[in-house]
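Structure file model.cif (mmCIF, C-alpha atoms) is printed below.
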data_input
#
loop_
_atom_site.label_atom_id
_atom_site.label_comp_id
_atom_site.auth_asym_id
_atom_site.auth_seq_id
_atom_site.Cartn_x
_atom_site.Cartn_y
_atom_site.Cartn_z
CA MET B 123 63.20 -22.39 -7.56
CA ARG B 124 60.92 -21.79 -10.53
CA ASN B 125 58.09 -23.73 -8.87
CA TYR B 126 58.54 -21.82 -5.64
CA THR B 127 58.25 -18.55 -7.57
CA PHE B 128 55.08 -19.85 -9.25
CA ILE B 129 53.50 -20.72 -5.90
CA CYS B 130 54.39 -17.32 -4.45
CA LEU B 131 52.79 -15.71 -7.49
CA ILE B 132 49.53 -17.64 -6.97
CA THR B 133 49.51 -16.69 -3.28
CA GLY B 134 49.99 -13.04 -4.16
CA ILE B 135 47.11 -13.16 -6.66
CA LEU B 136 44.81 -14.66 -4.03
CA PHE B 137 45.56 -11.88 -1.55
CA LEU B 138 45.25 -9.27 -4.30
CA LEU B 139 41.77 -10.54 -5.21
CA THR B 140 40.81 -10.51 -1.55
CA SER B 141 41.95 -6.91 -1.19
CA CYS B 142 40.13 -5.76 -4.34
CA SER B 143 36.91 -7.50 -3.34
CA SER B 144 36.98 -5.90 0.08
CA LYS B 145 37.58 -2.43 -1.35
CA GLN B 146 34.76 -2.83 -3.85
CA TYR B 147 32.37 -3.99 -1.13
CA GLN B 148 33.35 -1.06 1.08
CA TYR B 149 32.80 1.39 -1.78
CA LEU B 150 29.33 0.05 -2.53
CA PHE B 151 28.41 0.15 1.14
CA GLU B 152 29.38 3.80 1.45
CA GLN B 153 27.27 4.94 -1.49
CA LYS B 154 24.43 7.21 -0.42
CA ASN B 155 21.31 5.64 -1.85
CA ASN B 156 18.02 7.33 -0.96
CA VAL B 157 15.89 5.26 -3.30
CA THR B 158 14.82 2.87 -0.54
CA ASP B 159 13.68 5.72 1.69
CA THR B 160 10.07 5.86 0.54
CA LEU B 161 8.91 8.16 3.34
CA SER B 162 9.45 11.89 3.02
CA LYS B 163 11.96 13.65 5.25
CA ALA B 164 9.75 16.70 5.41
CA SER B 165 8.62 17.84 8.83
CA ASP B 166 4.98 17.76 7.73
CA VAL B 167 4.83 13.96 7.59
CA ALA B 168 1.32 13.06 8.69
CA ILE B 169 1.32 11.47 12.14
CA SER B 170 -2.24 10.27 12.57
CA PRO B 171 -3.18 8.87 15.98
CA TYR B 172 -3.99 5.17 16.02
CA ARG B 173 -7.69 4.39 15.80
CA ILE B 174 -9.13 1.30 17.42
CA LYS B 175 -10.01 -1.58 15.11
CA ALA B 176 -11.85 -4.89 15.36
CA GLN B 177 -9.83 -7.59 17.18
CA ASP B 178 -7.84 -5.03 19.16
CA ILE B 179 -7.39 -5.92 22.81
CA LEU B 180 -8.17 -3.17 25.30
CA GLN B 181 -6.97 -3.04 28.89
CA ILE B 182 -9.39 -0.96 30.95
CA ARG B 183 -9.45 0.06 34.62
CA ASN B 184 -10.85 2.79 36.84
CA LEU B 185 -8.04 4.79 38.44
CA GLN B 186 -10.40 6.05 41.15
CA SER B 187 -10.80 2.59 42.66
CA ILE B 188 -8.47 -0.22 43.72
CA LYS B 189 -11.10 -2.59 42.40
CA TYR B 190 -11.57 -3.53 38.77
CA ILE B 191 -14.57 -2.44 36.77
CA VAL B 192 -16.14 -5.61 38.15
CA ASP B 193 -14.91 -7.11 41.42
CA GLU B 194 -12.86 -10.02 40.09
CA ALA B 195 -9.30 -10.81 39.12
CA PRO B 196 -8.19 -9.57 35.70
CA SER B 197 -7.35 -11.85 32.85
CA THR B 198 -3.70 -12.24 31.89
CA ASN B 199 -2.54 -9.55 29.49
CA ALA B 200 0.51 -9.04 27.33
CA GLY B 201 1.12 -5.44 28.28
CA GLY B 202 4.65 -4.75 29.37
CA GLY B 203 4.48 -1.16 30.46
CA GLY B 204 2.87 1.14 32.92
CA GLY B 205 4.04 2.14 36.32
CA GLY B 206 2.86 0.32 39.45
CA GLY B 207 -0.77 -0.06 40.32
CA THR B 208 -3.31 -2.70 39.49
CA ALA B 209 -3.65 -3.80 35.90
CA GLY B 210 -7.08 -3.64 34.35
CA GLN B 211 -9.10 -6.33 32.69
CA THR B 212 -8.70 -7.04 29.00
CA PHE B 213 -11.56 -6.85 26.50
CA GLN B 214 -11.41 -7.67 22.80
CA VAL B 215 -13.07 -5.45 20.23
CA GLU B 216 -15.60 -7.50 18.31
CA ASP B 217 -16.04 -7.62 14.54
CA ASP B 218 -18.88 -5.09 14.73
CA GLY B 219 -16.53 -2.56 16.34
CA THR B 220 -17.99 -2.79 19.84
CA VAL B 221 -16.52 -3.95 23.12
CA ALA B 222 -18.67 -5.68 25.73
CA LEU B 223 -18.21 -4.11 29.17
CA PRO B 224 -19.79 -4.95 32.54
CA VAL B 225 -23.11 -3.20 33.30
CA ILE B 226 -23.02 -0.79 30.35
CA GLY B 227 -22.95 -3.53 27.70
CA HIS B 228 -21.67 -3.09 24.15
CA VAL B 229 -19.88 0.19 23.45
CA LYS B 230 -18.87 1.28 19.96
CA VAL B 231 -15.13 2.02 20.02
CA ALA B 232 -13.89 1.19 16.50
CA GLY B 233 -12.64 4.30 14.74
CA LEU B 234 -11.92 6.12 17.99
CA THR B 235 -8.50 7.06 19.29
CA ARG B 236 -7.43 5.74 22.67
CA PRO B 237 -8.29 9.00 24.53
CA GLU B 238 -11.63 9.27 22.73
CA ALA B 239 -12.61 5.71 23.67
CA ALA B 240 -11.51 6.22 27.29
CA LYS B 241 -13.58 9.43 27.54
CA GLN B 242 -16.65 7.74 26.05
CA ILE B 243 -16.44 4.73 28.40
CA GLU B 244 -15.80 7.04 31.35
CA GLY B 245 -18.95 9.02 30.56
CA LEU B 246 -21.07 5.88 30.31
CA TYR B 247 -19.83 4.54 33.66
CA ARG B 248 -20.40 7.91 35.30
CA THR B 249 -23.99 7.89 34.10
CA ASN B 250 -24.79 4.26 34.91
CA LEU B 251 -22.59 3.05 37.78
CA LEU B 252 -19.56 4.89 39.10
CA LYS B 253 -19.03 8.20 40.84
CA ASP B 254 -16.40 10.38 39.18
CA PRO B 255 -14.58 7.52 37.41
CA ILE B 256 -11.21 8.06 35.75
CA ILE B 257 -10.92 5.41 33.06
CA GLU B 258 -7.50 4.33 31.85
CA LEU B 259 -7.50 2.52 28.51
CA LYS B 260 -4.56 0.87 26.80
CA ILE B 261 -4.38 -0.99 23.49
CA ILE B 262 -2.08 -3.88 24.33
CA ASN B 263 -1.90 -5.79 21.05
CA LEU B 264 0.07 -3.11 19.18
CA LYS B 265 3.59 -4.39 18.61
CA VAL B 266 6.80 -3.73 16.70
CA THR B 267 9.62 -6.13 15.87
CA MET B 268 13.27 -5.34 16.61
CA LEU B 269 15.90 -7.16 14.53
CA GLY B 270 19.59 -6.89 13.75
CA GLU B 271 22.25 -5.36 15.97
CA ILE B 272 20.02 -4.79 18.99
CA LYS B 273 20.69 -6.34 22.39
CA GLY B 274 17.14 -7.60 22.81
CA GLN B 275 15.69 -8.85 19.52
CA GLY B 276 12.01 -9.70 19.45
CA ASN B 277 8.51 -8.21 19.62
CA TYR B 278 7.75 -5.20 21.81
CA THR B 279 4.41 -3.72 22.80
CA LEU B 280 3.62 -0.09 22.00
CA THR B 281 2.34 0.82 25.45
CA LYS B 282 1.72 4.51 24.77
CA ASP B 283 0.86 6.90 21.99
CA ARG B 284 3.65 8.30 19.81
CA THR B 285 6.37 5.89 20.90
CA THR B 286 9.65 6.94 19.27
CA LEU B 287 12.39 4.81 17.76
CA VAL B 288 14.86 5.98 20.42
CA GLU B 289 12.49 4.98 23.23
CA MET B 290 11.98 1.51 21.76
CA ILE B 291 15.71 0.97 21.28
CA GLY B 292 16.18 1.87 24.93
CA GLU B 293 13.48 -0.61 25.95
CA ALA B 294 15.25 -3.31 23.93
CA GLY B 295 18.51 -2.76 25.81
CA GLY B 296 20.29 -0.52 23.31
CA LEU B 297 22.40 -1.20 20.24
CA THR B 298 25.29 -3.66 20.12
CA ASP B 299 28.86 -2.53 19.47
CA LYS B 300 28.49 -3.89 15.91
CA ALA B 301 25.56 -1.61 15.06
CA ASN B 302 25.61 1.02 12.36
CA GLU B 303 23.84 3.93 14.06
CA ALA B 304 23.63 5.78 10.75
CA ASN B 305 21.59 3.04 9.07
CA VAL B 306 18.51 2.12 11.09
CA LYS B 307 15.61 1.04 8.89
CA ILE B 308 11.93 1.23 9.75
CA ILE B 309 9.91 -1.06 7.48
CA ARG B 310 6.13 -0.83 7.41
CA GLY B 311 3.28 -1.67 5.09
CA ASP B 312 2.36 -4.94 3.39
CA GLN B 313 4.53 -7.20 1.25
CA LYS B 314 3.25 -5.70 -1.99
CA ASN B 315 3.87 -2.10 -0.99
CA PRO B 316 6.51 -1.94 1.76
CA GLN B 317 7.64 1.46 2.96
CA VAL B 318 11.23 1.80 4.13
CA THR B 319 12.70 4.80 5.86
CA GLU B 320 16.28 5.17 7.07
CA ILE B 321 17.07 6.99 10.31
CA ASN B 322 20.55 8.29 11.14
CA LEU B 323 20.86 8.14 14.92
CA ARG B 324 24.19 9.98 14.75
CA ASP B 325 22.19 13.08 13.83
CA ILE B 326 20.75 14.73 16.96
CA GLN B 327 17.76 15.85 14.88
CA SER B 328 16.66 12.22 14.56
CA ILE B 329 15.21 12.50 18.08
CA ASN B 330 12.55 14.87 16.75
CA ASP B 331 12.19 13.22 13.33
CA PRO B 332 8.44 12.58 12.78
CA ARG B 333 9.32 9.56 10.66
CA ALA B 334 10.70 7.89 13.80
CA ILE B 335 7.27 7.72 15.46
CA LEU B 336 6.54 4.00 15.46
CA GLN B 337 3.37 2.32 14.26
CA SER B 338 1.98 -1.11 15.04
CA GLY B 339 3.49 -3.74 12.74
CA ASP B 340 6.72 -1.83 12.13
CA VAL B 341 9.90 -3.85 11.69
CA ILE B 342 13.02 -2.06 12.93
CA TYR B 343 16.26 -3.39 11.48
CA ILE B 344 19.68 -2.21 12.66
CA ALA B 345 22.41 -3.02 10.16
CA GLN B 346 26.02 -3.89 10.99
CA ASN B 347 28.66 -1.18 10.79
CA LYS B 348 31.23 -1.18 7.99
CA ARG B 349 34.08 -2.41 10.15
CA THR B 350 32.12 -5.47 11.27
CA ILE B 351 31.04 -6.29 7.72
CA ARG B 352 34.62 -5.92 6.51
CA ASN B 353 36.00 -8.11 9.30
CA ASP B 354 33.36 -10.78 8.67
CA LYS B 355 34.16 -10.78 4.97
CA LEU B 356 37.88 -11.10 5.59
CA GLN B 357 37.26 -13.87 8.09
CA ASN B 358 35.15 -15.77 5.56
CA LEU B 359 37.80 -15.34 2.88
CA SER B 360 40.43 -16.50 5.34
CA VAL B 361 38.50 -19.70 5.92
CA ILE B 362 38.59 -20.30 2.15
CA THR B 363 42.19 -19.30 1.45
CA GLN B 364 43.86 -21.05 4.38
CA PRO B 365 43.15 -24.60 3.08
CA VAL B 366 44.31 -23.53 -0.38
CA LEU B 367 47.57 -22.15 0.99
CA LEU B 368 48.06 -25.27 3.08
CA LEU B 369 47.66 -27.46 0.01
CA LEU B 370 50.08 -25.32 -1.97
CA ASN B 371 52.68 -25.42 0.78
CA THR B 372 52.28 -29.18 1.12
CA ALA B 373 52.67 -29.59 -2.64
CA LEU B 374 55.82 -27.43 -2.53
CA ILE B 375 57.36 -29.54 0.23
CA ILE B 376 56.58 -32.78 -1.60
CA PHE B 377 57.94 -31.42 -4.86
CA THR B 378 61.13 -30.18 -3.18
CA LEU B 379 61.78 -33.48 -1.40
CA SER B 380 61.13 -35.52 -4.54
CA HIS B 381 63.70 -33.57 -6.58
CA ARG B 382 66.61 -33.71 -4.20
#

Could I get this structure in the form of structure tokens?
Amino acid sequence: MRNYTFICLITGILFLLTSCSSKQYQYLFEQKNNVTDTLSKASDVAISPYRIKAQDILQIRNLQSIKYIVDEAPSTNAGGGGGGGTAGQTFQVEDDGTVALPVIGHVKVAGLTRPEAAKQIEGLYRTNLLKDPIIELKIINLKVTMLGEIKGQGNYTLTKDRTTLVEMIGEAGGLTDKANEANVKIIRGDQKNPQVTEINLRDIQSINDPRAILQSGDVIYIAQNKRTIRNDKLQNLSVITQPVLLLLNTALIIFTLSHR
């Protein structure tokens, strides 16, 4: 009887430790910590338009014609967006900041925004080759990475200017049922100076939050919600405690049988 009481006491201590650990973890998780949010919440956060750089890949076509800029099939591109219509050819910006285009030759585009580059190329083609061209230009190498509790993890192309976090989540299929909508992190910058901002999607104002305008190279991480974390922790502890309890029960049975 004394040994049985001792075993029950050990079992109770194990469950007590499990309960305390879970409560402590939950408390730490609920703490509001704004230290990691290195981007200001102010509405005057600078949202500078992306400017073309060397090695960028441009997709260019003339919307006034069913033909390409030159009459040949386009090269394969990685762009995932855009409504129907014929895709344009792709051209890589060279190290000197120019892009080599048919007929008009090398055009300086580095440092220009997408609309500025399209307008410049359109003017050159109007002068040298085409009648009333309407040039569409996309930068198709700009990507973000979606990780965590998102239905479609992976890399996604920024197919338009000022793509928002909500739009990209929709493109990735939406959040999973394990997601914590109040803790979506946008991580940008290099390894030495990363910038992390937290977006609370439960707040309707997050739709217009300027911090949620995505930039190329951003990593979007959606954390698990508290219930999922708690359940996973309890499940892991259960995996550990079940063998211990089994051993204790086996030892109790052996002890009881040996002392009859």

Inset, instruction - For the structure shown, which residues end up in the PyMOL selection byres ((chain B and resi 174) around 9)? Put them as a ChimeraX atom specification, please? - result: /B:172-173,175-178,215,219,231-236,239,261

Inset, instruction - Pick out the closest residue to B:Ile342 from this set: B:Ile375, B:Ile326, B:Ala240, B:Met268. Count all atoms listed in the file. - result: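 Selected residue with least distance to B:Ile342: B:Met268.
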
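Atom CA of B:Leu252 is positioned 19.5 Å from atom CA of B:Lys230.
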
Inset, instruction - Run the PyMOL selection byres ((chain B and resi 224-228) around 9) against the file shown and list the residues it catches, as a list in words. - result: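 Listing what the PyMOL selection byres ((chain B and resi 224-228) around 9) selects in the shown file: Ile191, Val192, Thr220, Val221, Ala222, Leu223, Val229, Lys230, Ile243, Leu246, Tyr247, Asn250 and Leu251 of chain B.
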
Legend entry - Å distance separating atom CA of B:Lys282 from atom CA of B:Leu269, one decimal place: 21.0 Å

Inset, instruction - Grab the atom CA of B:Thr267 to atom CA of B:Val341 distance for me, in Å with one decimal place. - result: 4.8 Å

Legend entry - Explicit residue set for the PyMOL selection byres ((chain B and resi 264) around 7), as number ranges by chain: B: 261-263, 265, 279-280, 338

Inset, instruction - Choose the residue, out of B:Glu293, B:Asp340, B:Asp283, B:Asp218, that has the smallest atom-to-atom separation from B:Ser170; count all atoms listed in the file. - result: B:Asp283

Legend entry - Contacts of B:Pro255 at 12 Å (all atoms listed in the file; same-chain gap of 6+ positions) as a ChimeraX atom specification: /B:182-191,240-249

The centre and edge lengths of an axis-aligned box containing all atoms of stretch 243-254 of chain B present in the file, extended by 3 Å on each side, are to be given in Å to one decimal, as lines of an AutoDock Vina configuration file.
center_x = -20.3
center_y = 6.7
center_z = 34.6
size_x = 15.0
size_y = 13.3
size_z = 18.4

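Distances here use all atoms listed in the file; by that measure, the residue among B:Val266, B:Ala373, B:Ile272, B:Leu287 closest to B:Ser328 is B:Leu287.
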
Rebuild stretch 276-303 of chain B so that it carries N, CA and C atoms, then output the result as a PDB file, in the frame of the given file.
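What ended up in part-v4.pdb:
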ATOM      1  N   GLY B 276      13.314  -9.128  19.161  1.00  0.00           N
ATOM      2  CA  GLY B 276      12.010  -9.700  19.450  1.00  0.00           C
ATOM      3  C   GLY B 276      10.882  -8.695  19.238  1.00  0.00           C
ATOM      4  N   ASN B 277       9.698  -9.059  19.733  1.00  0.00           N
ATOM      5  CA  ASN B 277       8.510  -8.210  19.620  1.00  0.00           C
ATOM      6  C   ASN B 277       8.333  -7.378  20.881  1.00  0.00           C
ATOM      7  N   TYR B 278       7.950  -6.115  20.682  1.00  0.00           N
ATOM      8  CA  TYR B 278       7.750  -5.200  21.810  1.00  0.00           C
ATOM      9  C   TYR B 278       6.411  -4.494  21.661  1.00  0.00           C
ATOM     10  N   THR B 279       5.723  -4.347  22.790  1.00  0.00           N
ATOM     11  CA  THR B 279       4.410  -3.720  22.800  1.00  0.00           C
ATOM     12  C   THR B 279       4.540  -2.197  22.794  1.00  0.00           C
ATOM     13  N   LEU B 280       3.710  -1.545  21.973  1.00  0.00           N
ATOM     14  CA  LEU B 280       3.620  -0.090  22.000  1.00  0.00           C
ATOM     15  C   LEU B 280       2.647   0.287  23.115  1.00  0.00           C
ATOM     16  N   THR B 281       3.183   0.616  24.262  1.00  0.00           N
ATOM     17  CA  THR B 281       2.340   0.820  25.450  1.00  0.00           C
ATOM     18  C   THR B 281       1.778   2.222  25.559  1.00  0.00           C
ATOM     19  N   LYS B 282       2.226   3.138  24.707  1.00  0.00           N
ATOM     20  CA  LYS B 282       1.720   4.510  24.770  1.00  0.00           C
ATOM     21  C   LYS B 282       1.661   5.104  23.376  1.00  0.00           C
ATOM     22  N   ASP B 283       0.954   6.214  23.270  1.00  0.00           N
ATOM     23  CA  ASP B 283       0.860   6.900  21.990  1.00  0.00           C
ATOM     24  C   ASP B 283       2.192   7.545  21.636  1.00  0.00           C
ATOM     25  N   ARG B 284       2.468   7.598  20.334  1.00  0.00           N
ATOM     26  CA  ARG B 284       3.650   8.300  19.810  1.00  0.00           C
ATOM     27  C   ARG B 284       4.947   7.786  20.441  1.00  0.00           C
ATOM     28  N   THR B 285       5.110   6.474  20.450  1.00  0.00           N
ATOM     29  CA  THR B 285       6.370   5.890  20.900  1.00  0.00           C
ATOM     30  C   THR B 285       7.435   6.128  19.836  1.00  0.00           C
ATOM     31  N   THR B 286       8.599   6.623  20.237  1.00  0.00           N
ATOM     32  CA  THR B 286       9.650   6.940  19.270  1.00  0.00           C
ATOM     33  C   THR B 286      10.625   5.778  19.120  1.00  0.00           C
ATOM     34  N   LEU B 287      11.376   5.826  18.028  1.00  0.00           N
ATOM     35  CA  LEU B 287      12.390   4.810  17.760  1.00  0.00           C
ATOM     36  C   LEU B 287      13.414   4.764  18.882  1.00  0.00           C
ATOM     37  N   VAL B 288      13.853   5.922  19.360  1.00  0.00           N
ATOM     38  CA  VAL B 288      14.860   5.980  20.420  1.00  0.00           C
ATOM     39  C   VAL B 288      14.338   5.327  21.700  1.00  0.00           C
ATOM     40  N   GLU B 289      13.077   5.588  22.034  1.00  0.00           N
ATOM     41  CA  GLU B 289      12.490   4.980  23.230  1.00  0.00           C
ATOM     42  C   GLU B 289      12.441   3.464  23.107  1.00  0.00           C
ATOM     43  N   MET B 290      12.083   2.947  21.938  1.00  0.00           N
ATOM     44  CA  MET B 290      11.980   1.510  21.760  1.00  0.00           C
ATOM     45  C   MET B 290      13.348   0.844  21.772  1.00  0.00           C
ATOM     46  N   ILE B 291      14.349   1.510  21.221  1.00  0.00           N
ATOM     47  CA  ILE B 291      15.710   0.970  21.280  1.00  0.00           C
ATOM     48  C   ILE B 291      16.171   0.882  22.729  1.00  0.00           C
ATOM     49  N   GLY B 292      15.843   1.909  23.516  1.00  0.00           N
ATOM     50  CA  GLY B 292      16.180   1.870  24.930  1.00  0.00           C
ATOM     51  C   GLY B 292      15.483   0.732  25.646  1.00  0.00           C
ATOM     52  N   GLU B 293      14.212   0.489  25.323  1.00  0.00           N
ATOM     53  CA  GLU B 293      13.480  -0.610  25.950  1.00  0.00           C
ATOM     54  C   GLU B 293      14.075  -1.959  25.590  1.00  0.00           C
ATOM     55  N   ALA B 294      14.654  -2.054  24.390  1.00  0.00           N
ATOM     56  CA  ALA B 294      15.250  -3.310  23.930  1.00  0.00           C
ATOM     57  C   ALA B 294      16.683  -3.487  24.403  1.00  0.00           C
ATOM     58  N   GLY B 295      17.176  -2.591  25.243  1.00  0.00           N
ATOM     59  CA  GLY B 295      18.510  -2.760  25.810  1.00  0.00           C
ATOM     60  C   GLY B 295      19.611  -2.001  25.098  1.00  0.00           C
ATOM     61  N   GLY B 296      19.274  -1.295  24.021  1.00  0.00           N
ATOM     62  CA  GLY B 296      20.290  -0.520  23.310  1.00  0.00           C
ATOM     63  C   GLY B 296      20.901  -1.289  22.157  1.00  0.00           C
ATOM     64  N   LEU B 297      21.733  -0.598  21.391  1.00  0.00           N
ATOM     65  CA  LEU B 297      22.400  -1.200  20.240  1.00  0.00           C
ATOM     66  C   LEU B 297      23.639  -1.975  20.667  1.00  0.00           C
ATOM     67  N   THR B 298      24.048  -2.937  19.862  1.00  0.00           N
ATOM     68  CA  THR B 298      25.290  -3.660  20.120  1.00  0.00           C
ATOM     69  C   THR B 298      26.469  -2.834  19.595  1.00  0.00           C
ATOM     70  N   ASP B 299      27.677  -3.263  19.933  1.00  0.00           N
ATOM     71  CA  ASP B 299      28.860  -2.530  19.470  1.00  0.00           C
ATOM     72  C   ASP B 299      29.125  -2.749  17.978  1.00  0.00           C
ATOM     73  N   LYS B 300      28.359  -3.650  17.347  1.00  0.00           N
ATOM     74  CA  LYS B 300      28.490  -3.890  15.910  1.00  0.00           C
ATOM     75  C   LYS B 300      27.498  -3.080  15.095  1.00  0.00           C
ATOM     76  N   ALA B 301      26.654  -2.302  15.743  1.00  0.00           N
ATOM     77  CA  ALA B 301      25.560  -1.610  15.060  1.00  0.00           C
ATOM     78  C   ALA B 301      26.053  -0.411  14.258  1.00  0.00           C
ATOM     79  N   ASN B 302      25.387  -0.172  13.162  1.00  0.00           N
ATOM     80  CA  ASN B 302      25.610   1.020  12.360  1.00  0.00           C
ATOM     81  C   ASN B 302      24.523   2.037  12.715  1.00  0.00           C
ATOM     82  N   GLU B 303      24.836   2.970  13.586  1.00  0.00           N
ATOM     83  CA  GLU B 303      23.840   3.930  14.060  1.00  0.00           C
ATOM     84  C   GLU B 303      23.307   4.820  12.955  1.00  0.00           C
TER      85      GLU B 303
END
